[in-house]
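S.K.: My structure is below; once you've seen it, I'll send some questions.
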Amino acid sequence: MPVEPFLRLLSRFEEQHVRHVVIGVWAANYYAKTGAEVFTTEDRDLFLPPDPENLLRAWTSCRAEGFTLWSGDEPLGEPLDRWLADRIVAQRALTSAVHDSGVVVDLTLVMAGFEFDTVWSGRRVFRVDDVDIPVARISHIVEAKARAGGPKDRLVLATYEERLRQLIRDEEK
């Protein structure tokens, strides 16, 4: 079993059949060829399908691995049940999983401009410490950041523009 909390969580997701794809800046790190190409970010984003049962399995897995669940600035309500999952899915609300080690994982049901099945079908699987990690295509990550257009998204795209272009060119080969 991996030592790092994020890898333990993804291993648990694999065991519990939680469909997810790593997206965002953290996902781009899997495409980096050297340590000098690694992107920095405070959290890790997982894109999940709008499926209440899948979301419940994700929450249960997070709790089993020692993560505390949050919705906005408040702990996620109790009990963690189908009724709550239905409401979160209907609102496409973000839930965050926070580990005592400082690892923050955002469980999102939204990726700007994309449906889950499109991202899932184009994913690339990376293997780290015997854990399969489904990661969105770098071109999907960049397009979603551009579509989202928030200040943080624009900053990431501007800061890493040339590196991201090179990764997209490599992906297209």
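Every chain in the structure tokens takes a letter, A first, then B, and so on in the order presented; its residues are numbered from 1, and the ligands are numbered from 1 following the presented order.
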What's the 7 Å shell around region 101-108 of chain A, counting only C-alpha atoms, without same-chain residues fewer than 4 positions away, as a list of chain:residue names?
M.R.: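 Counting only C-alpha atoms, the residues come to A:Asp43, A:Arg44, A:Asp45, A:Leu46, A:Phe47, A:Leu48, A:Leu94, A:Thr95, A:Ser96, A:Ala97.
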S.K.: I want to know what sits within 12 Å of Arg169 (chain A), based on only C-alpha atoms, with residues of the same chain fewer than 3 positions away left out; could you give that as a list in words?
M.R.: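 These residues fall inside the cut-off: Tyr31, Arg137, Ile138, Ser139, Glu162, Arg163, Leu164, Arg165, Gln166, Glu172 and Lys173 of chain A.
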S.K.: Could you turn the residues from that selection into a file that holds C-alpha atoms, as a short mmCIF file (atom, residue, chain, number, x, y, z; two decimals), in the first residue's frame?
M.R.:
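The result, stored in out-v1.cif:
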data_model
loop_
_atom_site.label_atom_id
_atom_site.label_comp_id
_atom_site.auth_asym_id
_atom_site.auth_seq_id
_atom_site.Cartn_x
_atom_site.Cartn_y
_atom_site.Cartn_z
CA TYR A 31 3.12 14.53 -18.27
CA ARG A 137 -5.44 14.67 -21.71
CA ILE A 138 -3.20 17.72 -21.38
CA SER A 139 -5.14 19.41 -24.19
CA GLU A 162 5.33 27.54 -23.37
CA ARG A 163 5.63 24.39 -21.27
CA LEU A 164 1.95 23.58 -21.78
CA ARG A 165 2.24 24.12 -25.55
CA GLN A 166 5.17 21.68 -25.64
CA GLU A 172 -0.35 14.95 -30.46
CA LYS A 173 2.63 12.88 -31.64
#
S.K.: Taking the DSSP secondary structure from the backbone, can you list the residues of region 18-164 of chain A that are helix (DSSP H, G or I), as a PyMOL selection string?
M.R.: chain A and resi 24-31+35-37+52-64+82-91+116-122+138-148+151-159+161-164
S.K.: Taking only C-alpha atoms into account, which of A:Gly66, A:Ala28, A:Ala146, A:Val131 comes nearest Ile168 (chain A)?
M.R.: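 Of A:Gly66, A:Ala28, A:Ala146, A:Val131, the one nearest Ile168 (chain A) is A:Ala28, counting only C-alpha atoms.
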S.K.: Which one is closest to Gly77 (chain A): A:Ala64, A:Ile141, A:Pro151, A:Trp59? Count only C-alpha atoms.
M.R.: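 The answer is A:Trp59, which sits nearest to Gly77 (chain A).
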S.K.: Quick one: pick out all strand (DSSP E) residues within region 107-163 of chain A from a backbone DSSP run and write them as number ranges by chain.
M.R.: A: 107-108, 124-128, 131-135
S.K.: Which distance in Å separates CA of Arg123 (chain A) and CA of Phe67 (chain A), to one decimal?
M.R.: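 So the answer is 25.6 Å.
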S.K.: Using only C-alpha atoms, find the one residue out of A:Lys152, A:Arg87, A:Arg57, A:Arg82 that sits nearest to Leu9 (chain A).
M.R.: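 Among A:Lys152, A:Arg87, A:Arg57, A:Arg82, it is A:Arg57 that comes nearest to Leu9 (chain A).
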S.K.: Work out how far apart CA of Asp117 (chain A) and CA of His99 (chain A) are and give it in Å to one decimal.
M.R.: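 It comes out at 28.4 Å.
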S.K.: Find the residues around Leu10 (chain A) up to 10 Å (only C-alpha atoms counted), leave out those fewer than 3 positions away in its own chain, and share them as a list in words.
M.R.: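 Answer for this query is Pro2, Pro5, Phe6, Leu7, Phe13, Glu14, Glu15, Gln16, Val18, His20, Val22, Leu46, Ala58, Ser61, Cys62, Glu65, Val131, Asp132, Ile133 and Pro134 of chain A.
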S.K.: Write the residues of the preceding selection, restricted to N, CA and C atoms, as an mmCIF file, in the first residue's frame.
M.R.:
data_model
loop_
_atom_site.group_PDB
_atom_site.id
_atom_site.type_symbol
_atom_site.label_atom_id
_atom_site.label_comp_id
_atom_site.auth_asym_id
_atom_site.auth_seq_id
_atom_site.Cartn_x
_atom_site.Cartn_y
_atom_site.Cartn_z
ATOM 1 N N PRO A 2 0.631 2.206 -0.887
ATOM 2 C CA PRO A 2 1.450 3.426 -0.937
ATOM 3 C C PRO A 2 1.413 4.185 0.396
ATOM 4 N N PRO A 5 -0.659 9.998 1.162
ATOM 5 C CA PRO A 5 -2.122 9.973 1.290
ATOM 6 C C PRO A 5 -2.890 10.039 -0.037
ATOM 7 N N PHE A 6 -2.412 10.819 -0.988
ATOM 8 C CA PHE A 6 -3.108 10.930 -2.266
ATOM 9 C C PHE A 6 -3.083 9.591 -3.002
ATOM 10 N N LEU A 7 -1.939 8.935 -3.020
ATOM 11 C CA LEU A 7 -1.847 7.630 -3.687
ATOM 12 C C LEU A 7 -2.665 6.574 -2.953
ATOM 13 N N PHE A 13 -9.851 4.275 -4.233
ATOM 14 C CA PHE A 13 -10.816 4.536 -5.305
ATOM 15 C C PHE A 13 -10.832 3.374 -6.290
ATOM 16 N N GLU A 14 -9.646 2.891 -6.636
ATOM 17 C CA GLU A 14 -9.547 1.763 -7.565
ATOM 18 C C GLU A 14 -10.255 0.535 -6.986
ATOM 19 N N GLU A 15 -10.006 0.243 -5.713
ATOM 20 C CA GLU A 15 -10.632 -0.912 -5.055
ATOM 21 C C GLU A 15 -12.156 -0.785 -4.994
ATOM 22 N N GLN A 16 -12.634 0.435 -4.784
ATOM 23 C CA GLN A 16 -14.073 0.679 -4.616
ATOM 24 C C GLN A 16 -14.767 1.046 -5.933
ATOM 25 N N VAL A 18 -14.433 3.651 -7.910
ATOM 26 C CA VAL A 18 -14.828 5.053 -8.010
ATOM 27 C C VAL A 18 -14.289 5.589 -9.327
ATOM 28 N N HIS A 20 -13.135 8.295 -11.749
ATOM 29 C CA HIS A 20 -12.563 9.627 -11.566
ATOM 30 C C HIS A 20 -11.447 9.832 -12.579
ATOM 31 N N VAL A 22 -7.983 12.536 -12.866
ATOM 32 C CA VAL A 22 -7.217 13.643 -12.313
ATOM 33 C C VAL A 22 -7.187 14.746 -13.373
ATOM 34 N N LEU A 46 -10.011 16.097 -8.772
ATOM 35 C CA LEU A 46 -10.516 14.868 -9.362
ATOM 36 C C LEU A 46 -11.889 15.160 -9.947
ATOM 37 N N ALA A 58 -16.844 7.582 -3.365
ATOM 38 C CA ALA A 58 -15.693 8.487 -3.233
ATOM 39 C C ALA A 58 -15.614 9.033 -1.811
ATOM 40 N N SER A 61 -14.546 6.359 0.622
ATOM 41 C CA SER A 61 -13.115 6.090 0.444
ATOM 42 C C SER A 61 -12.272 7.182 1.095
ATOM 43 N N CYS A 62 -12.677 8.431 0.913
ATOM 44 C CA CYS A 62 -11.946 9.544 1.524
ATOM 45 C C CYS A 62 -11.920 9.398 3.043
ATOM 46 N N GLU A 65 -9.625 6.743 4.348
ATOM 47 C CA GLU A 65 -8.200 7.084 4.259
ATOM 48 C C GLU A 65 -7.821 8.281 5.129
ATOM 49 N N VAL A 131 -0.282 1.893 -8.397
ATOM 50 C CA VAL A 131 -1.609 2.498 -8.446
ATOM 51 C C VAL A 131 -1.825 3.056 -9.855
ATOM 52 N N ASP A 132 -2.925 2.654 -10.482
ATOM 53 C CA ASP A 132 -3.294 3.215 -11.786
ATOM 54 C C ASP A 132 -3.963 4.562 -11.570
ATOM 55 N N ILE A 133 -3.453 5.587 -12.248
ATOM 56 C CA ILE A 133 -3.967 6.941 -12.076
ATOM 57 C C ILE A 133 -4.496 7.441 -13.415
ATOM 58 N N PRO A 134 -5.829 7.535 -13.554
ATOM 59 C CA PRO A 134 -6.402 8.068 -14.792
ATOM 60 C C PRO A 134 -6.266 9.588 -14.818
#
S.K.: Of the residues A:Val3, A:Val156, A:Ile23, A:Val110, which is the one nearest to Arg92 (chain A), using only C-alpha atoms?
M.R.: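 Closest candidate: A:Val110.
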S.K.: Could you jot down the CA of Ala136 (chain A) to CA of Gln91 (chain A) separation for me, Å, one decimal place?
M.R.: 23.1 Å
